[in-house]
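A.B. asks: What follows is structure_17.tsv, TSV, C-alpha atoms.
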```
chain	number	residue	atom	x	y	z
C	194	MET	CA	94.33	298.45	100.13
C	195	SER	CA	96.87	299.36	102.80
C	196	LEU	CA	98.54	296.98	105.28
C	197	VAL	CA	96.41	298.32	108.16
C	198	GLN	CA	93.19	297.87	106.18
C	199	ALA	CA	94.19	294.30	105.27
C	200	LEU	CA	95.03	293.52	108.90
C	201	VAL	CA	91.74	294.93	110.22
C	202	LEU	CA	89.70	293.10	107.57
C	203	ALA	CA	91.52	289.80	108.27
C	204	VAL	CA	90.93	290.00	112.03
C	205	LEU	CA	87.33	291.10	111.43
C	206	GLN	CA	86.66	288.17	109.07
C	207	GLY	CA	88.11	285.51	111.38
C	208	PHE	CA	86.30	286.96	114.38
C	209	SER	CA	82.89	287.78	112.90
C	210	GLU	CA	82.48	284.70	110.68
C	211	LEU	CA	81.93	282.50	113.74
C	212	PHE	CA	80.56	284.94	116.30
C	213	PRO	CA	76.82	285.31	115.57
C	214	ILE	CA	77.17	288.93	114.44
C	215	SER	CA	77.43	288.59	110.61
C	216	SER	CA	80.85	288.80	108.99
C	217	LEU	CA	79.39	290.08	105.74
C	218	GLY	CA	77.57	292.86	107.56
C	219	HIS	CA	80.75	293.89	109.36
C	220	THR	CA	82.85	293.91	106.21
C	221	VAL	CA	80.34	296.42	104.79
C	222	LEU	CA	79.92	298.54	107.95
C	223	VAL	CA	83.51	298.77	109.25
C	224	PRO	CA	84.98	300.23	106.00
C	225	ALA	CA	82.04	302.70	106.01
C	226	TYR	CA	82.91	303.77	109.61
C	227	PHE	CA	86.56	304.37	108.68
C	228	HIS	CA	85.62	306.01	105.34
C	229	TRP	CA	87.75	303.48	103.47
C	230	ASN	CA	87.28	303.74	99.75
C	231	ILE	CA	87.52	300.04	98.91
C	232	ASP	CA	86.36	298.86	95.49
C	233	ARG	CA	84.55	295.60	96.31
C	234	ALA	CA	84.48	294.57	92.65
C	235	ASP	CA	88.27	294.94	92.25
C	236	PRO	CA	89.80	291.54	91.32
C	237	GLY	CA	92.64	292.10	93.80
C	238	PHE	CA	90.19	292.72	96.66
C	239	LEU	CA	88.08	289.71	95.67
C	240	ALA	CA	91.20	287.51	95.72
C	241	PHE	CA	92.04	288.85	99.19
C	242	VAL	CA	88.50	288.01	100.43
C	243	VAL	CA	88.81	284.46	99.02
C	244	ALA	CA	92.08	284.03	100.94
C	245	LEU	CA	90.43	285.23	104.19
C	246	HIS	CA	87.59	282.74	103.80
C	247	LEU	CA	90.04	279.96	103.01
C	248	GLY	CA	91.91	280.78	106.24
C	249	THR	CA	88.66	280.65	108.23
C	250	ALA	CA	87.60	277.32	106.71
C	251	LEU	CA	91.04	275.80	107.40
C	252	ALA	CA	90.86	276.97	111.02
C	253	LEU	CA	87.50	275.21	111.44
C	254	VAL	CA	88.86	272.02	109.86
C	255	VAL	CA	91.92	272.10	112.16
C	256	PHE	CA	89.81	272.77	115.28
C	257	TYR	CA	87.44	269.86	114.55
C	258	TRP	CA	90.11	267.74	112.81
C	259	SER	CA	89.60	264.47	114.72
C	260	GLU	CA	85.82	264.82	114.42
C	261	TRP	CA	86.01	265.51	110.66
C	262	VAL	CA	88.22	262.42	110.20
C	263	ARG	CA	85.56	260.31	111.99
C	264	ILE	CA	82.71	261.94	110.03
C	265	VAL	CA	84.36	261.44	106.62
C	266	ARG	CA	85.27	257.82	107.46
C	267	ALA	CA	81.70	257.17	108.63
C	268	LEU	CA	80.26	258.78	105.48
C	269	VAL	CA	82.48	256.70	103.17
C	270	ALA	CA	81.61	253.52	105.09
C	271	SER	CA	77.91	254.36	104.88
C	272	VAL	CA	78.06	254.98	101.10
C	273	VAL	CA	80.02	251.76	100.52
C	274	ARG	CA	77.53	249.71	102.58
C	275	GLY	CA	74.54	251.50	101.03
C	276	GLU	CA	72.84	252.17	104.34
C	277	ILE	CA	73.04	254.38	107.41
C	278	GLY	CA	74.14	252.31	110.38
C	279	ALA	CA	73.74	252.81	114.13
C	280	ASN	CA	77.08	254.65	114.41
C	281	PRO	CA	76.30	258.25	115.57
C	282	ASP	CA	79.07	259.57	113.30
C	283	GLU	CA	77.28	258.13	110.25
C	284	ARG	CA	74.07	259.87	111.24
C	285	LEU	CA	75.92	263.14	111.92
C	286	ALA	CA	77.67	262.88	108.54
C	287	TRP	CA	74.34	262.59	106.71
C	288	LEU	CA	72.78	265.32	108.86
C	289	LEU	CA	75.61	267.59	107.65
C	290	VAL	CA	75.16	266.55	104.00
C	291	ILE	CA	71.40	267.16	104.15
C	292	GLY	CA	71.83	270.42	106.10
C	293	THR	CA	74.34	271.73	103.55
C	294	LEU	CA	72.11	271.13	100.50
C	295	PRO	CA	69.63	274.04	100.99
C	296	VAL	CA	72.31	276.70	101.43
C	297	GLY	CA	74.38	275.11	98.62
C	298	ILE	CA	71.53	275.22	96.12
C	299	LEU	CA	70.11	278.62	97.16
C	300	GLY	CA	73.60	280.11	97.51
C	301	VAL	CA	74.69	279.13	94.00
C	302	PHE	CA	71.58	280.56	92.36
C	303	LEU	CA	70.69	283.54	94.57
C	304	GLU	CA	73.88	284.79	96.24
C	305	LYS	CA	74.89	287.38	93.63
C	306	MET	CA	71.37	288.72	93.20
C	307	VAL	CA	70.73	289.00	96.96
C	308	ARG	CA	74.05	290.75	97.64
C	309	HIS	CA	73.49	293.11	94.73
C	310	LEU	CA	69.98	294.02	95.94
C	311	PHE	CA	70.70	294.18	99.67
C	312	GLY	CA	74.37	295.25	99.81
C	313	SER	CA	73.90	298.93	100.76
C	314	THR	CA	75.09	300.13	104.18
C	315	ALA	CA	71.56	301.11	105.32
C	316	ILE	CA	70.07	297.73	104.42
C	317	VAL	CA	72.97	295.89	106.09
C	318	ALA	CA	72.41	297.94	109.28
C	319	GLY	CA	68.70	297.07	109.08
C	320	PHE	CA	69.44	293.36	108.70
C	321	LEU	CA	71.78	293.55	111.71
C	322	ILE	CA	68.76	294.68	113.77
C	323	VAL	CA	66.72	291.83	112.23
C	324	ASN	CA	69.56	289.46	113.22
C	325	ALA	CA	69.27	290.72	116.81
C	326	GLY	CA	65.49	290.18	116.70
C	327	VAL	CA	65.93	286.62	115.44
C	328	MET	CA	68.29	285.80	118.33
C	329	PHE	CA	66.05	287.40	121.01
C	330	LEU	CA	62.96	285.69	119.59
C	331	GLY	CA	64.78	282.34	119.34
C	332	GLU	CA	65.85	282.50	122.99
C	333	ARG	CA	62.35	283.49	124.11
C	334	LEU	CA	60.63	280.76	122.09
C	335	GLN	CA	63.07	278.13	123.32
C	336	ARG	CA	62.40	279.04	126.96
C	337	ARG	CA	58.64	278.92	126.31
C	338	GLN	CA	58.98	275.48	124.66
C	339	HIS	CA	60.74	274.11	127.72
C	340	GLU	CA	58.86	275.89	130.51
C	341	GLN	CA	55.29	275.87	129.20
C	342	GLN	CA	55.24	272.90	126.83
C	343	GLY	CA	57.63	270.80	128.91
C	344	ARG	CA	59.78	269.79	125.93
C	345	GLY	CA	63.15	268.30	126.89
C	346	LEU	CA	66.55	268.69	125.26
C	347	ARG	CA	67.96	266.04	122.92
C	348	PRO	CA	71.46	265.22	121.66
C	349	LEU	CA	72.64	266.25	118.21
C	350	GLU	CA	72.42	262.71	116.82
C	351	LYS	CA	68.69	262.64	117.58
C	352	LEU	CA	67.93	265.37	115.03
C	353	SER	CA	65.65	264.06	112.30
C	354	TRP	CA	66.39	264.44	108.57
C	355	SER	CA	63.66	267.09	108.27
C	356	ASP	CA	65.23	268.96	111.20
C	357	ALA	CA	68.55	269.00	109.30
C	358	VAL	CA	66.75	270.49	106.28
C	359	LYS	CA	65.17	273.15	108.53
C	360	VAL	CA	68.57	274.16	109.96
C	361	GLY	CA	69.94	274.16	106.40
C	362	PHE	CA	67.23	276.57	105.21
C	363	ALA	CA	67.80	278.73	108.29
C	364	GLN	CA	71.50	278.88	107.40
C	365	ALA	CA	70.55	280.07	103.90
C	366	LEU	CA	69.11	283.26	105.48
C	367	ALA	CA	72.74	284.31	105.96
C	368	LEU	CA	72.83	285.10	102.24
C	369	PHE	CA	71.35	288.43	103.37
C	370	PRO	CA	74.25	290.67	104.48
C	371	GLY	CA	73.71	291.43	108.18
C	372	ILE	CA	72.15	288.05	109.03
C	373	SER	CA	74.66	285.79	110.78
C	374	ARG	CA	75.14	282.24	109.48
C	375	SER	CA	76.08	280.84	112.87
C	376	GLY	CA	73.40	282.94	114.61
C	377	VAL	CA	70.44	281.68	112.57
C	378	SER	CA	71.78	278.10	112.60
C	379	ILE	CA	72.10	278.16	116.41
C	380	VAL	CA	68.60	279.65	116.75
C	381	ALA	CA	67.19	276.90	114.48
C	382	GLY	CA	69.08	274.30	116.55
C	383	ILE	CA	67.79	275.49	119.94
C	384	LEU	CA	64.22	275.68	118.58
C	385	LEU	CA	64.65	272.01	117.58
C	386	ASP	CA	65.44	271.18	121.23
C	387	LEU	CA	69.24	271.13	121.07
C	388	ASP	CA	71.07	272.86	123.91
C	389	HIS	CA	73.22	275.89	123.02
C	390	GLU	CA	76.44	273.89	123.02
C	391	ALA	CA	75.11	271.22	120.65
C	392	ALA	CA	73.42	273.82	118.42
C	393	ALA	CA	76.67	275.81	118.16
C	394	HIS	CA	78.65	272.61	117.53
C	395	TYR	CA	76.30	271.64	114.66
C	396	ALA	CA	76.34	275.23	113.31
C	397	PHE	CA	80.17	275.30	113.18
C	398	LEU	CA	80.38	271.86	111.57
C	399	LEU	CA	77.69	272.90	109.07
C	400	ALA	CA	79.52	276.14	108.26
C	401	THR	CA	82.79	274.37	107.41
C	402	PRO	CA	81.79	272.76	104.06
C	403	VAL	CA	79.89	275.90	103.02
C	404	ILE	CA	82.75	278.34	103.70
C	405	GLY	CA	85.31	275.81	102.40
C	406	ALA	CA	83.44	275.06	99.17
C	407	ALA	CA	82.69	278.74	98.52
C	408	SER	CA	86.37	279.66	98.88
C	409	LEU	CA	87.62	276.65	96.89
C	410	LEU	CA	85.28	277.52	94.01
C	411	GLU	CA	86.65	281.07	94.02
C	412	LEU	CA	90.26	279.84	94.35
C	413	PRO	CA	91.13	280.63	90.68
C	414	ARG	CA	90.82	284.33	91.61
C	415	LEU	CA	94.03	283.97	93.65
C	416	PHE	CA	95.94	283.12	90.47
C	417	GLU	CA	94.62	285.97	88.35
C	418	PRO	CA	97.19	288.66	87.36
C	419	ALA	CA	95.43	291.29	89.54
C	420	ALA	CA	95.89	289.05	92.58
C	421	HIS	CA	99.72	289.13	92.23
C	422	ASP	CA	99.75	292.68	93.62
C	423	VAL	CA	98.03	291.54	96.83
C	424	LEU	CA	99.60	288.06	97.04
C	425	TRP	CA	101.48	288.63	100.31
C	426	LEU	CA	98.60	290.58	101.81
C	427	SER	CA	96.33	287.64	100.90
C	428	VAL	CA	98.67	285.03	102.39
C	429	GLY	CA	99.18	287.07	105.57
C	430	GLY	CA	95.45	287.86	105.74
C	431	ALA	CA	94.57	284.16	105.44
C	432	VAL	CA	96.94	283.26	108.29
C	433	ILE	CA	95.63	286.04	110.56
C	434	SER	CA	92.02	285.28	109.69
C	435	GLY	CA	92.68	281.57	110.41
C	436	ILE	CA	94.28	282.26	113.80
C	437	THR	CA	91.43	284.63	114.78
C	438	ALA	CA	88.81	282.12	113.62
C	439	TYR	CA	90.49	279.33	115.62
C	440	ALA	CA	90.54	281.49	118.77
C	441	SER	CA	86.89	282.47	118.14
C	442	VAL	CA	85.62	278.90	117.78
C	443	ALA	CA	87.65	277.83	120.85
C	444	PHE	CA	86.07	280.64	122.86
C	445	LEU	CA	82.53	280.12	121.55
C	446	THR	CA	82.45	276.36	122.19
C	447	ARG	CA	83.25	277.13	125.85
C	448	TYR	CA	80.94	280.15	125.97
C	449	PHE	CA	77.86	278.24	124.79
C	450	ARG	CA	78.26	275.60	127.51
C	451	SER	CA	76.61	277.96	129.97
C	452	ASN	CA	75.55	281.10	128.05
C	453	ASP	CA	73.07	282.09	125.38
C	454	LEU	CA	72.75	284.32	122.31
C	455	ARG	CA	71.32	287.43	124.01
C	456	PRO	CA	74.63	289.37	124.47
C	457	PHE	CA	75.23	289.05	120.72
C	458	GLY	CA	71.65	290.16	120.13
C	459	TRP	CA	72.25	293.32	122.17
C	460	TYR	CA	75.48	293.97	120.29
C	461	CYS	CA	73.80	293.58	116.86
C	462	LEU	CA	70.89	295.78	117.94
C	463	GLY	CA	73.28	298.50	119.15
C	464	ALA	CA	75.55	298.30	116.10
C	465	GLY	CA	72.58	298.34	113.71
C	466	LEU	CA	70.88	301.31	115.40
C	467	LEU	CA	74.12	303.29	115.70
C	468	SER	CA	74.91	302.67	112.03
C	469	LEU	CA	71.44	303.81	110.97
C	470	LEU	CA	71.75	306.97	113.13
C	471	LEU	CA	75.18	307.78	111.66
C	472	LEU	CA	73.86	307.11	108.16
C	473	PHE	CA	70.89	309.45	108.60
C	474	GLY	CA	73.23	312.03	110.16
C	475	LYS	CA	75.44	311.61	107.07
C	476	VAL	CA	78.46	310.85	109.33
C	477	ILE	CA	79.00	307.62	107.34
C	478	SER	CA	77.78	306.69	103.88
E	73	MET	CA	53.26	248.83	83.09
E	74	LYS	CA	56.44	248.96	85.10
E	75	SER	CA	56.14	247.94	88.74
E	76	ALA	CA	56.81	250.54	91.44
E	77	PRO	CA	60.11	248.98	92.64
E	78	SER	CA	61.72	249.12	89.18
E	79	VAL	CA	60.71	252.79	88.81
E	80	VAL	CA	62.29	253.49	92.20
E	81	LYS	CA	65.35	251.54	91.06
E	82	TYR	CA	65.93	253.56	87.90
E	83	LEU	CA	64.64	257.00	88.91
E	84	PRO	CA	67.79	258.01	90.89
E	85	LEU	CA	69.91	256.88	87.94
E	86	VAL	CA	67.90	259.04	85.55
E	87	VAL	CA	68.07	262.01	87.95
E	88	ALA	CA	71.84	261.50	88.30
E	89	LEU	CA	72.32	261.38	84.52
E	90	VAL	CA	70.29	264.58	84.08
E	91	CYS	CA	72.35	266.28	86.81
E	92	PHE	CA	75.63	265.19	85.19
E	93	ALA	CA	74.40	266.38	81.78
E	94	VAL	CA	73.47	269.80	83.22
E	95	ALA	CA	76.83	269.96	85.04
E	96	LEU	CA	78.59	269.25	81.74
E	97	LEU	CA	76.57	271.93	79.95
E	98	TYR	CA	77.48	274.53	82.57
E	99	ALA	CA	81.13	273.43	82.56
E	100	THR	CA	81.39	273.79	78.79
E	101	GLY	CA	79.41	277.04	78.69
E	102	ALA	CA	76.76	275.50	76.42
E	103	THR	CA	73.81	276.93	78.36
E	104	SER	CA	72.21	280.31	77.72
E	105	LEU	CA	73.85	281.50	80.96
E	106	GLY	CA	77.31	280.61	79.67
E	107	TYR	CA	80.14	279.08	81.70
E	108	HIS	CA	79.35	278.72	85.40
E	109	LEU	CA	81.78	276.75	87.57
E	110	LYS	CA	79.61	276.94	90.71
E	111	HIS	CA	76.47	275.70	88.90
E	112	SER	CA	78.47	272.92	87.29
E	113	VAL	CA	79.96	271.73	90.61
E	114	LEU	CA	76.54	271.92	92.32
E	115	PHE	CA	74.86	269.73	89.67
E	116	ALA	CA	77.77	267.25	89.74
E	117	ILE	CA	77.38	266.95	93.55
E	118	LEU	CA	73.61	266.52	93.18
E	119	GLY	CA	74.27	263.78	90.60
E	120	VAL	CA	76.58	261.93	92.97
E	121	LEU	CA	74.01	262.28	95.78
E	122	ALA	CA	71.28	260.89	93.49
E	123	LEU	CA	73.47	257.84	92.77
E	124	VAL	CA	74.15	257.38	96.50
E	125	GLY	CA	70.43	257.78	97.24
E	126	GLY	CA	69.65	255.14	94.58
E	127	ARG	CA	72.07	252.73	96.22
E	128	PHE	CA	70.43	253.32	99.61
E	129	LEU	CA	66.96	252.75	98.11
E	130	ALA	CA	68.05	249.53	96.39
E	131	LYS	CA	69.46	248.21	99.66
E	132	THR	CA	66.23	249.11	101.50
E	133	GLN	CA	64.19	247.27	98.85
E	134	VAL	CA	66.32	244.12	99.13
E	135	LYS	CA	65.83	244.17	102.91
E	136	THR	CA	62.05	244.71	102.58
E	137	ARG	CA	61.75	241.85	100.07
E	138	SER	CA	63.79	239.45	102.20
E	139	ARG	CA	61.64	240.32	105.23
E	140	ALA	CA	58.44	239.72	103.21
E	141	GLY	CA	59.85	236.39	101.91
E	142	SER	CA	60.69	235.13	105.38
E	143	ARG	CA	57.10	235.64	106.60
```
As structure tokens, what does this structure read like?
C.D. replies:
Amino acid sequence: MSLVQALVLAVLQGFSELFPISSLGHTVLVPAYFHWNIDRADPGFLAFVVALHLGTALALVVFYWSEWVRIVRALVASVVRGEIGANPDERLAWLLVIGTLPVGILGVFLEKMVRHLFGSTAIVAGFLIVNAGVMFLGERLQRRQHEQQGRGLRPLEKLSWSDAVKVGFAQALALFPGISRSGVSIVAGILLDLDHEAAAHYAFLLATPVIGAASLLELPRLFEPAAHDVLWLSVGGAVISGITAYASVAFLTRYFRSNDLRPFGWYCLGAGLLSLLLLFGKVIS
Amino acid sequence: MKSAPSVVKYLPLVVALVCFAVALLYATGATSLGYHLKHSVLFAILGVLALVGGRFLAKTQVKTRSRAGSR
């Protein structure tokens, strides 16, 4: 892996992990566009990917640092007392725990199988189009809920425990390469009557333990002999991926105050269709 | 026959112990699947959550009983 490839992949990871456009899908499609011959099973490359994810998770923790401190304190206090109090942070902490369980359980058991079965460029391009469809449908259904059924918006703390499980299962759809974790979580959130800002906020908080735990569990890869060759690329990649992820989450939290998911839907639709066309034309493989 | 509250009291503990046992099996590679760090960590977390859930249930039962007693 060259320096330019590492740089592009680091920026791509930090950017696409939080934008609702599927980071996994992009890390399959972009190397195909540039005809990069990257061995995804190579221990050095796997160590590099772990470092990128670690950088992204750290960026999310830093961005929401004061909130995470409050959430962890509230969770510890709740466990010590043996009950969930009226403090909104305690409720949010348990919403995050419950929302993380589905993707944690399904991810541990199904991740390898799903990625093995659905990891080809054509299938990833197809899932990118599905991702676009999910976002368009989510926006349309949300508008119908509010205009025709007269349902109002509610704050994040008013989500029920079953709602947290629903968002958690929606997040698990991101195991399919091409389906965006933040995208499906935000769609689930807006269909449960959160506004876009609150849905994105919950999606980013929910993504932090998942990305963090996944990279921490893979951390031993960074100390394998094959990783020594890419040590500095991994460190640099993690820093760049972290900075890009921080800038992305800062932008998106502002963006979702007054905008919706449709522009990302159009992008995913275009990228998916273009990739399929190029694949059938044998321009990329 | 055991009363419902005592079953509720001990069920999370049993679930937690099973989870910890499975976590240990995965950590030592004693399962047919061999050593799996991710599986082991997942079952350990589920065990801790079962214990926490048991504590929450016990607290709820104490509250329910004290409310029933005060009537």
A.B. asks: Which residues come within 10 Å of Gly119 of chain E, counting only C-alpha atoms, excluding same-chain residues fewer than 2 positions away, as a list in words?
C.D. replies: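 That gives Pro84, Leu85, Val86, Val87, Ala88, Leu89, Val90, Cys91, Phe92, Ala93, Val94, Ala95, Val113, Leu114, Phe115, Ala116, Ile117, Leu121, Ala122, Leu123, Val124 and Gly125 of chain E.
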A.B. asks: Could you tell me which residues of chain E sit within 9 Å of chain C when counting all atoms listed in the file, and give me the result as a list in words?
C.D. replies: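 Contact residues on the first chain: Leu109, Lys110, His111, Val113, Leu114, Leu118, Val124, Gly125, Gly126, Arg127, Phe128, Leu129, Ala130, Lys131 and Thr132 of chain E.
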A.B. asks: Separation of atom CA of Gly237 of chain C and atom CA of Leu200 of chain C, in Å?
C.D. replies: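 Value for the atom CA of Gly237 of chain C-atom CA of Leu200 of chain C distance: 15.4 Å.
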A.B. asks: List the residues sitting within 10 Å of (66.8, 293.7, 116.0) in the file's frame, using all atoms listed in the file, as a PyMOL selection string.
C.D. replies: chain C and resi 318-330+458-466
A.B. asks: Report the distance between atom CA of Val442 of chain C and atom CA of Pro402 of chain C in Å, rounded to one decimal place.
C.D. replies: 15.5 Å
A.B. asks: Atom CA of Leu239 of chain C to atom CA of Leu253 of chain C: how many Å, to one decimal?
C.D. replies: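 Between atom CA of Leu239 of chain C and atom CA of Leu253 of chain C the gap is 21.4 Å.
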A.B. asks: Can you pull out every residue within 6 Å of segment 97-101 of chain E, counting all atoms listed in the file, but drop anything in the same chain fewer than 6 positions away, and send it as a PyMOL selection string?
C.D. replies: chain E and resi 107-108+112
A.B. asks: Kindly compute an axis-aligned box around the listed atoms of segment 120-131 of chain E, allowing 5 Å on each side, and express its centre and edge lengths in Å to one decimal as AutoDock Vina command-line options.
C.D. replies:
```
--center_x 71.8 --center_y 255.2 --center_z 96.2 --size_x 19.6 --size_y 24.1 --size_z 16.9
```
A.B. asks: Rank C:Leu368, C:Ala419, C:Ala392, C:Leu346 by their smallest atom-to-atom distance to Lys305 of chain C, using all atoms listed in the file, and report the top residue only.
C.D. replies: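 Of all the options, C:Leu368 lies closest to Lys305 of chain C.
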A.B. asks: Compile the contact shell of Val197 of chain C as a VMD selection string: residues with an atom at most 12 Å away, counting all atoms listed in the file, same-chain residues fewer than 6 positions apart removed.
C.D. replies: chain C and resid 203 to 204 224 227 229 426 429 to 430
A.B. asks: May I have the residues at most 8 Å from (73.6, 286.4, 102.2) in the file's coordinates, counting all atoms listed in the file, as JSON, numbers by chain?
C.D. replies: {"C": [217, 300, 304, 307, 308, 365, 366, 367, 368, 369, 370, 371, 372]}
A.B. asks: Ranking C:Thr249, C:Thr293, C:Ser313, C:Ser216 by minimum distance to Ser478 of chain C and counting all atoms listed in the file, which one comes first?
C.D. replies: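 Nearest candidate to Ser478 of chain C out of C:Thr249, C:Thr293, C:Ser313, C:Ser216: C:Ser313.
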A.B. asks: Quick one: of C:Gly207, C:Gly278, C:Gly292, C:Gly474, who's nearest to Leu247 of chain C, counting all atoms listed in the file?
C.D. replies: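 Closest residue, counting all atoms listed in the file: C:Gly207.
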A.B. asks: Neighbours of Ile231 of chain C within 12 Å (only C-alpha atoms; same-chain residues fewer than 2 positions away dropped), as number ranges by chain?
C.D. replies: C: 194-195, 198-199, 202, 220-225, 227-229, 233-239
